[in-house]
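This report concerns only the one structure given below.
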Amino acid sequence: MAAAIEHEVALPTGALRLTVTAASDLGLVRRVNEDSYLAEQQLFLVADGMGGHSFGDRASQSVVGTFASALSNGGPLTPEAVVQTIHRSNQTVVAMTDDDDESVSGTTLAGLALVRSEAAYHWMAFNVGDSRVYSWDGRVLEQVTVDHSAVQELLDLGQITAVEAIEHPHRNVVTRAIGVGDVVDPDIWLLPVAGKQLFLVCSDGLTKELGDDQIAIILADRFALPGELTVAERLVEAALAAGGSDNVTVVVVESDLAGASHTADEDTNDRGVPHHLEVTRPRK
Amino acid sequence: MSQFRYRPAGASGWLAVASPGRLLVVQPDAVQIAVSVFDRGRDSSGQGFQLALDELTRGGLSATPSFALLEWLGSSGERALRVIVRGGVKVTVTAAGVESTLDGTGVSTWTEQSFAQVTAFEAVVVPEPDSTVDASWLPIDSGVVAVSRVASTDTALSASRPAPIAAEAQVSPAAVPAADASEVSEVTRSDNPVVPDPAPTLDSNARPTDEGYDYHFGETMYRTASEGSAGEPEPKPVDQPVGEAPAGDHDGMTIMSDDIRKLRGNRKAKTADAAPPPVEAPGQLYLELSTGAREPLTQPVVVGRAPTASKVSGSALPRLVTIPGDKDISRNHAQFAVEGGTVVVTDLHSRNGTVVIMPGKAPQQLRQGEPTAVILGTVIDLGGGVTLTVGEES
């Protein structure tokens with residue numbers, strides 16, 4: 001049983017305590033685990049390799065390797081550095097397979113990084129493809145990232161409902177991936193670092209087996225786990241019990257910012273409407 | 001003799017674009033597409049189908065109009081026809097004595113099917129414009145007309161095809177990638193006259209059209225693991241699930257390596273338009289904060305008490321400028337960006353609003369969420385004594 005990794009980061013606003021657990025499993029159907037993950041220092045990511053016989057596992061491992069070497073250069077991460085590393089890992093996967101055209105591959109990427117932008121620290125979530133980042137505030141599980149998938153496009157267009165999406169024939173079609181094109185366009189979120197937070201980074205092997213409510217129940221019960229099980233292992237176990245038709249990889253990051261309540265937690269004061277500046281509404 | 005006959009319709013009619021060996025019927029407001037397909041189709045050899053699809057899907061899946069696209073495949077003796085239908089149009093094809101209908105209504109992407117031994121076809125706009133039901137059939141060989149129906153004439157698919165089509169059939173093997181051409185002929189020669197197609201949607205069609213799809217959807221859509229098509233000796237992926245038919249897509253495979261390879265083939269072409277050149281202002285524009293600090297506007301800047309960013313592209317990463325402490329200011333209060341050399345301010349639905357004071361003008365409150373262009377020297381007041389001034393370094 002892998003124990004949780006705990007460490008502390010000194011931020012200007014106080015000490016940030018991180019508790020990280022991670023788990024990955026082959027699943028019950030696949031023969032190769034093409035998922036890879038990284039949970040080191042202030043960087044947490046999951047890559048779901050694809051391409052079957054053409055070594056999707058190598059693609060996802062390559063992405064994790066590129067990020068690991070970027071981390072080893074030290075210093076606080078910046079959003080720009082993370083984006084650059086995403087581009088570099090894309091080039092690495094493309095180059096890896098250019099020599100031998102038979103071993104083409106690609107991979108999704110979802111991740112969370114503690115980044116410094118100007119003087120402030122933020123949680124940076126990023127994704128390419130259909131691996132996801134969620135946040136859990138103790139009550140509600142919120143999907144942070146938006147999949148790059150055919151089904152998500154249809155959902156956005158209102159042509160299918162969320163329920164239809166679960167069984168949609170195109171549910172495995174991703175519209176962006178690392179290692180497919182010379183240019184990759186990740187989506188980025190920058191979120192405040194505040195109080196107690198929990199983030200979940202996972203491959204689609206988890207989210208295609210478990211609904212948001214099932215994931216939320218496990219996260220809510222994470223302090224009462226049987227035996228030595230970590231919350232990440234518990235999530236993987238539940239996905240296997242639900243079918244385990246794909247590789248399942250989960251990284252759970254819990255953070256606790258010591259000290260006074262953060263400015264992001266407070267509501268903005270209402271200053272009252274400045275009447276002399278009232279705006280004329282456009283006529284419909 | 002002409003290839004097609006059609007029933008003319010007025011403004012409510014769809015546009016039929018007739019070219020040698022090809023027919024496109026597209027919804028009436030897609031005039032640009034129709035004209036462009038017609039113009040490009042005339043001087044292309046064998047690539048016309050791809051060019052037409054390219055034109056139709058240019059704006060992405062959501063902007064793609066309803067259409068029916070028909071193309072003859074292979075040599076004239078085979079009388080093979082490929083049909084793609086999306087939206088309110090129905091295509092009826094008589095192949096080997098059997099009549100089949102492809103209906104684009106209620107399909108979220110599009111429907112595609114290939115036929116062999118085709119003797120007749122007809123495309124009908126649904127619902128058919130009323131005023132045109134009694135209109136008489138008129139001939140057309142090549143051109144763009146408003147129609148309610150288009151159908152084949154005997155000439156279109158008979159063994160003695162008109163010269164333009166025969167010419168195109170000869171040119172195409174050289175013009176289309178060789179692999180594509182051979183795959184096409186594999187299907188058209190299959191013993192079943194109609195390509196079996198249990199669920200005629202995007203990913204379940206016969207493999208031969210993969211090349212076309214991937215090319216057009218390169219940026220927006222990858223195919224799922226394609227179903228093994230009849231008689232295609234393709235190596236199976238090693239981790240095909242045990243005991244599951246290769247046709248099922250629930251092996252969790254998100255993408256097929258073949259698709260990646262094909263996308264890669266087109267990668268070079270796409271790269272050019274994938275990265276828009278950054279707009280550089282002549283002088284370096286900046287924001288001067290009330291503290292005296294300067295924020296260069298080389299990338300979007302979000303100002304607020306605890307600013308965040310949500311779903312932004314990696315190529316347009318904003319800089320988050322925190323104004324600490326003042327609770328009059330919202331978490332995400334205002335965004336600044338340079339568009340075409342002009343500074344654009346957007347109030348991000350802040351609680352207390354944003355006021356801009358352009359030089360020599362009265363203060364003006366920004367409408368929430370509405371990007372507003374401001375000139376040099378403009379002061380932006382976020383409230384609580386926090387102001388920003390737009391400046392330019394000479």
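Naming scheme: A, B, ... for chains in displayed order of the structure tokens; residues 1 onward per chain; ligands 1 onward as shown.
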Handout entry: 9 Å contact set for range 77-92 of chain A, only C-alpha atoms, chain neighbours under 2 positions out, as an MDAnalysis selection string
Key = (chainID A and resid 42:43 59 62:67 70:71 74:75 94:97 106 109 113:118 124 126 177:186 188 190) or (chainID B and resid 314:315 317)
Practice task
Mind the document's chain letters and residue numbers, and return as number ranges by chain the residues of range 32-227 of chain A that DSSP labels strand (DSSP E or B).
Solution key: A: 35-40, 43-50, 77, 106-107, 109-117, 120-128, 132-136, 141-143, 149, 174, 178, 187-192, 196-202
Please, could you write that set of residues out with C-alpha atoms as a CSV table (one decimal), in the first residue's frame?
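Dumped everything to again04.csv:
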```csv
chain,number,residue,atom,x,y,z
A,35,ASP,CA,-1.8,5.4,-18.2
A,36,SER,CA,1.1,7.2,-16.5
A,37,TYR,CA,1.1,9.7,-13.7
A,38,LEU,CA,3.3,12.1,-11.9
A,39,ALA,CA,2.8,13.3,-8.3
A,40,GLU,CA,5.9,15.1,-7.3
A,43,LEU,CA,3.0,19.0,-10.0
A,44,PHE,CA,0.4,16.3,-10.4
A,45,LEU,CA,-0.6,14.9,-13.7
A,46,VAL,CA,-2.2,11.9,-15.4
A,47,ALA,CA,-1.5,10.9,-19.1
A,48,ASP,CA,-3.7,8.4,-20.8
A,49,GLY,CA,-1.7,6.9,-23.7
A,50,MET,CA,-3.6,5.6,-26.7
A,77,LEU,CA,6.7,26.8,-11.6
A,106,GLY,CA,-0.6,9.9,-28.7
A,107,THR,CA,-1.7,10.6,-25.2
A,109,LEU,CA,-2.9,14.9,-20.4
A,110,ALA,CA,-4.6,16.4,-17.4
A,111,GLY,CA,-2.8,18.1,-14.6
A,112,LEU,CA,-2.7,20.4,-11.6
A,113,ALA,CA,0.3,22.5,-10.7
A,114,LEU,CA,1.0,25.0,-7.9
A,115,VAL,CA,2.3,28.0,-10.0
A,116,ARG,CA,3.6,31.4,-9.2
A,117,SER,CA,2.3,34.2,-11.3
A,120,ALA,CA,0.7,35.3,-6.2
A,121,TYR,CA,0.4,31.6,-6.1
A,122,HIS,CA,-2.4,29.8,-8.0
A,123,TRP,CA,-3.5,26.3,-8.7
A,124,MET,CA,-3.2,25.8,-12.4
A,125,ALA,CA,-5.3,23.1,-14.0
A,126,PHE,CA,-4.7,22.1,-17.6
A,127,ASN,CA,-5.9,19.5,-20.0
A,128,VAL,CA,-5.6,18.1,-23.5
A,132,ARG,CA,-9.9,15.4,-16.1
A,133,VAL,CA,-9.3,17.6,-13.1
A,134,TYR,CA,-12.0,17.8,-10.5
A,135,SER,CA,-12.3,19.9,-7.4
A,136,TRP,CA,-14.1,18.9,-4.2
A,141,LEU,CA,-17.7,17.7,-6.8
A,142,GLU,CA,-17.0,20.1,-9.6
A,143,GLN,CA,-15.4,19.2,-12.9
A,149,SER,CA,-14.0,15.1,-27.0
A,174,VAL,CA,-11.0,12.8,-28.4
A,178,ILE,CA,-0.5,15.2,-27.3
A,187,ASP,CA,-6.8,24.7,-22.0
A,188,ILE,CA,-5.8,26.4,-18.8
A,189,TRP,CA,-7.5,27.3,-15.5
A,190,LEU,CA,-5.9,29.4,-12.8
A,191,LEU,CA,-7.6,29.0,-9.5
A,192,PRO,CA,-7.1,30.6,-6.1
A,196,LYS,CA,-8.8,23.5,2.6
A,197,GLN,CA,-9.0,22.3,-1.0
A,198,LEU,CA,-9.1,18.9,-2.7
A,199,PHE,CA,-8.3,18.1,-6.3
A,200,LEU,CA,-8.7,14.9,-8.2
A,201,VAL,CA,-6.8,14.3,-11.4
A,202,CYS,CA,-7.8,11.1,-13.2
```
Problem - Atom pair CA of Ile329 in chain B / CA of Val140 in chain A: separation (Å) - result: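 Pair CA of Ile329 in chain B / CA of Val140 in chain A returns 26.6 Å.
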Handout entry: Surrounding residues of Leu289 in chain B excluding itself and chain neighbours under 4 positions, 10 Å, only C-alpha atoms, as a PyMOL selection string
Key = chain B and resi 293-295+321+323+379-380+386-390
Those same residues - N, CA and C atoms - I'd like them written as an mmCIF file, in the first residue's frame.
```cif
data_model
loop_
_atom_site.group_PDB
_atom_site.id
_atom_site.type_symbol
_atom_site.label_atom_id
_atom_site.label_comp_id
_atom_site.auth_asym_id
_atom_site.auth_seq_id
_atom_site.Cartn_x
_atom_site.Cartn_y
_atom_site.Cartn_z
ATOM 1 N N ALA B 293 3.398 50.861 -10.374
ATOM 2 C CA ALA B 293 3.917 49.693 -11.095
ATOM 3 C C ALA B 293 3.332 49.649 -12.501
ATOM 4 N N ARG B 294 4.105 49.138 -13.441
ATOM 5 C CA ARG B 294 3.636 49.038 -14.819
ATOM 6 C C ARG B 294 3.478 47.583 -15.220
ATOM 7 N N GLU B 295 2.336 47.309 -15.849
ATOM 8 C CA GLU B 295 2.068 45.962 -16.347
ATOM 9 C C GLU B 295 2.061 46.015 -17.863
ATOM 10 N N VAL B 321 -3.187 40.013 -12.128
ATOM 11 C CA VAL B 321 -2.651 41.082 -11.287
ATOM 12 C C VAL B 321 -3.552 41.218 -10.063
ATOM 13 N N ILE B 323 -4.868 42.868 -6.709
ATOM 14 C CA ILE B 323 -4.949 44.106 -5.933
ATOM 15 C C ILE B 323 -5.351 43.663 -4.537
ATOM 16 N N VAL B 379 -8.121 56.569 -17.923
ATOM 17 C CA VAL B 379 -7.988 56.093 -16.545
ATOM 18 C C VAL B 379 -9.131 55.121 -16.273
ATOM 19 N N ILE B 380 -8.810 53.957 -15.751
ATOM 20 C CA ILE B 380 -9.829 52.971 -15.418
ATOM 21 C C ILE B 380 -9.902 52.892 -13.898
ATOM 22 N N VAL B 386 -8.560 52.577 -6.451
ATOM 23 C CA VAL B 386 -7.653 51.823 -7.316
ATOM 24 C C VAL B 386 -7.899 52.230 -8.766
ATOM 25 N N THR B 387 -6.894 52.831 -9.384
ATOM 26 C CA THR B 387 -7.040 53.217 -10.784
ATOM 27 C C THR B 387 -5.890 52.641 -11.591
ATOM 28 N N LEU B 388 -6.159 52.487 -12.867
ATOM 29 C CA LEU B 388 -5.129 52.042 -13.795
ATOM 30 C C LEU B 388 -5.147 52.999 -14.972
ATOM 31 N N THR B 389 -3.986 53.281 -15.504
ATOM 32 C CA THR B 389 -3.900 54.207 -16.626
ATOM 33 C C THR B 389 -3.265 53.479 -17.810
ATOM 34 N N VAL B 390 -3.875 53.682 -18.981
ATOM 35 C CA VAL B 390 -3.333 53.057 -20.182
ATOM 36 C C VAL B 390 -2.236 53.956 -20.743
#
```
Problem - Selected residue of minimal separation from chain B among A:Leu240, A:Ile166, A:Ala216, A:Val29, counting only C-alpha atoms - result: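 Among the listed residues, the smallest separation from chain B belongs to A:Val29.
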Exercise for the section: Quote the spacing between CA of Thr322 in chain B and CA of Val301 in chain B in Å to one decimal place. Expected result: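 Taking CA of Thr322 in chain B and CA of Val301 in chain B, their separation equals 10.3 Å.
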Practice task
Find the residues near Lys90 in chain B: any atom within 10 Å, counting only C-alpha atoms, skip ones fewer than 6 places away on the same chain, and give them as a ChimeraX atom specification.
Solution key: /B:67-68,101-105,122-127,149
I need the chosen residues saved as a compact mmCIF listing (two decimals), in the first residue's frame, with C-alpha atoms.
```txt
# COMPACT_ATOMS: atom_id res chain seq x y z
CA PHE B 67 -26.25 19.31 -46.92
CA ALA B 68 -26.24 16.27 -49.16
CA THR B 101 -33.08 6.17 -48.28
CA LEU B 102 -30.53 8.20 -46.35
CA ASP B 103 -32.13 10.74 -44.06
CA GLY B 104 -30.05 13.46 -42.45
CA THR B 105 -32.71 14.62 -40.00
CA GLU B 122 -32.92 11.57 -55.96
CA ALA B 123 -32.24 14.20 -53.30
CA VAL B 124 -35.28 15.83 -51.69
CA VAL B 125 -35.29 18.84 -49.38
CA VAL B 126 -37.25 18.16 -46.16
CA PRO B 127 -39.71 19.75 -45.73
CA ARG B 149 -35.45 18.19 -55.64
```
Give the alpha helix (DSSP H) residues of range 84-225 of chain A, as DSSP finds them on the backbone, and put them as a compact mmCIF listing (two decimals) with C-alpha atoms, in the first residue's frame.
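As a result, selection_23.txt now contains:
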```txt
# COMPACT_ATOMS: atom_id res chain seq x y z
CA GLN A 84 6.08 25.37 -22.47
CA THR A 85 6.55 21.94 -20.97
CA ILE A 86 3.27 20.80 -22.51
CA HIS A 87 4.52 21.97 -25.90
CA ARG A 88 7.88 20.31 -25.34
CA SER A 89 6.30 17.02 -24.33
CA ASN A 90 4.18 17.19 -27.49
CA GLN A 91 7.30 17.59 -29.59
CA THR A 92 8.94 14.71 -27.76
CA VAL A 93 6.06 12.35 -28.46
CA VAL A 94 5.92 13.46 -32.09
CA ALA A 95 9.69 13.02 -32.49
CA MET A 96 9.64 9.67 -30.70
CA THR A 97 7.42 8.23 -33.37
CA ASP A 98 8.62 10.07 -36.45
CA ALA A 150 -16.63 14.67 -29.69
CA VAL A 151 -19.25 14.02 -27.02
CA GLN A 152 -18.37 17.26 -25.22
CA GLU A 153 -18.78 19.16 -28.49
CA LEU A 154 -22.22 17.63 -28.98
CA LEU A 155 -23.10 18.46 -25.36
CA ASP A 156 -21.99 22.06 -25.87
CA ALA A 162 -25.45 14.38 -20.30
CA VAL A 163 -27.25 11.05 -19.95
CA GLU A 164 -26.99 10.32 -23.65
CA ALA A 165 -23.31 11.20 -23.54
CA ILE A 166 -22.59 8.27 -21.22
CA GLU A 167 -23.63 5.70 -23.81
CA ASP A 204 -11.28 8.43 -18.23
CA GLY A 205 -11.03 4.91 -16.79
CA LEU A 206 -12.38 6.37 -13.55
CA THR A 207 -15.01 8.75 -14.91
CA ASP A 212 -19.81 12.20 -10.10
CA ASP A 213 -22.05 11.26 -7.17
CA GLN A 214 -20.21 7.97 -6.63
CA ILE A 215 -16.85 9.76 -6.70
CA ALA A 216 -18.19 12.38 -4.29
CA ILE A 217 -19.33 9.73 -1.80
CA ILE A 218 -15.87 8.15 -1.76
CA LEU A 219 -14.19 11.53 -1.29
CA ALA A 220 -16.59 12.41 1.51
```
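Nearest-residue note for Ser36 in chain B: choosing from B:Ala11, B:Leu297, B:Val144, B:Leu73, the minimum distance belongs to B:Val144, counting only C-alpha atoms.
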Practice task
Would you list the contacts of Val343 in chain B as number ranges by chain, taking every protein, DNA or RNA residue within 7 Å and counting only C-alpha atoms, but skipping same-chain residues closer than 6 positions in sequence?
Solution key: B: 336-337, 373-375
Exercise for the section: Rank B:Val150, B:Leu138, B:Met358, B:Leu320 by their smallest atom-to-atom distance to chain A, using only C-alpha atoms, and report the top residue only. Expected result: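 Checking each of B:Val150, B:Leu138, B:Met358, B:Leu320 against chain A, counting only C-alpha atoms, the winner is B:Leu320.
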Fill in the blank from the handout: From the list A:Ala241, A:Leu16, A:Val250, A:Val193, the nearest residue to chain B using only C-alpha atoms is A:Val193
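Proximity of B:His333, B:Arg319, B:Arg40, B:Arg22 to chain A, computed with only C-alpha atoms, is greatest for B:Arg319.
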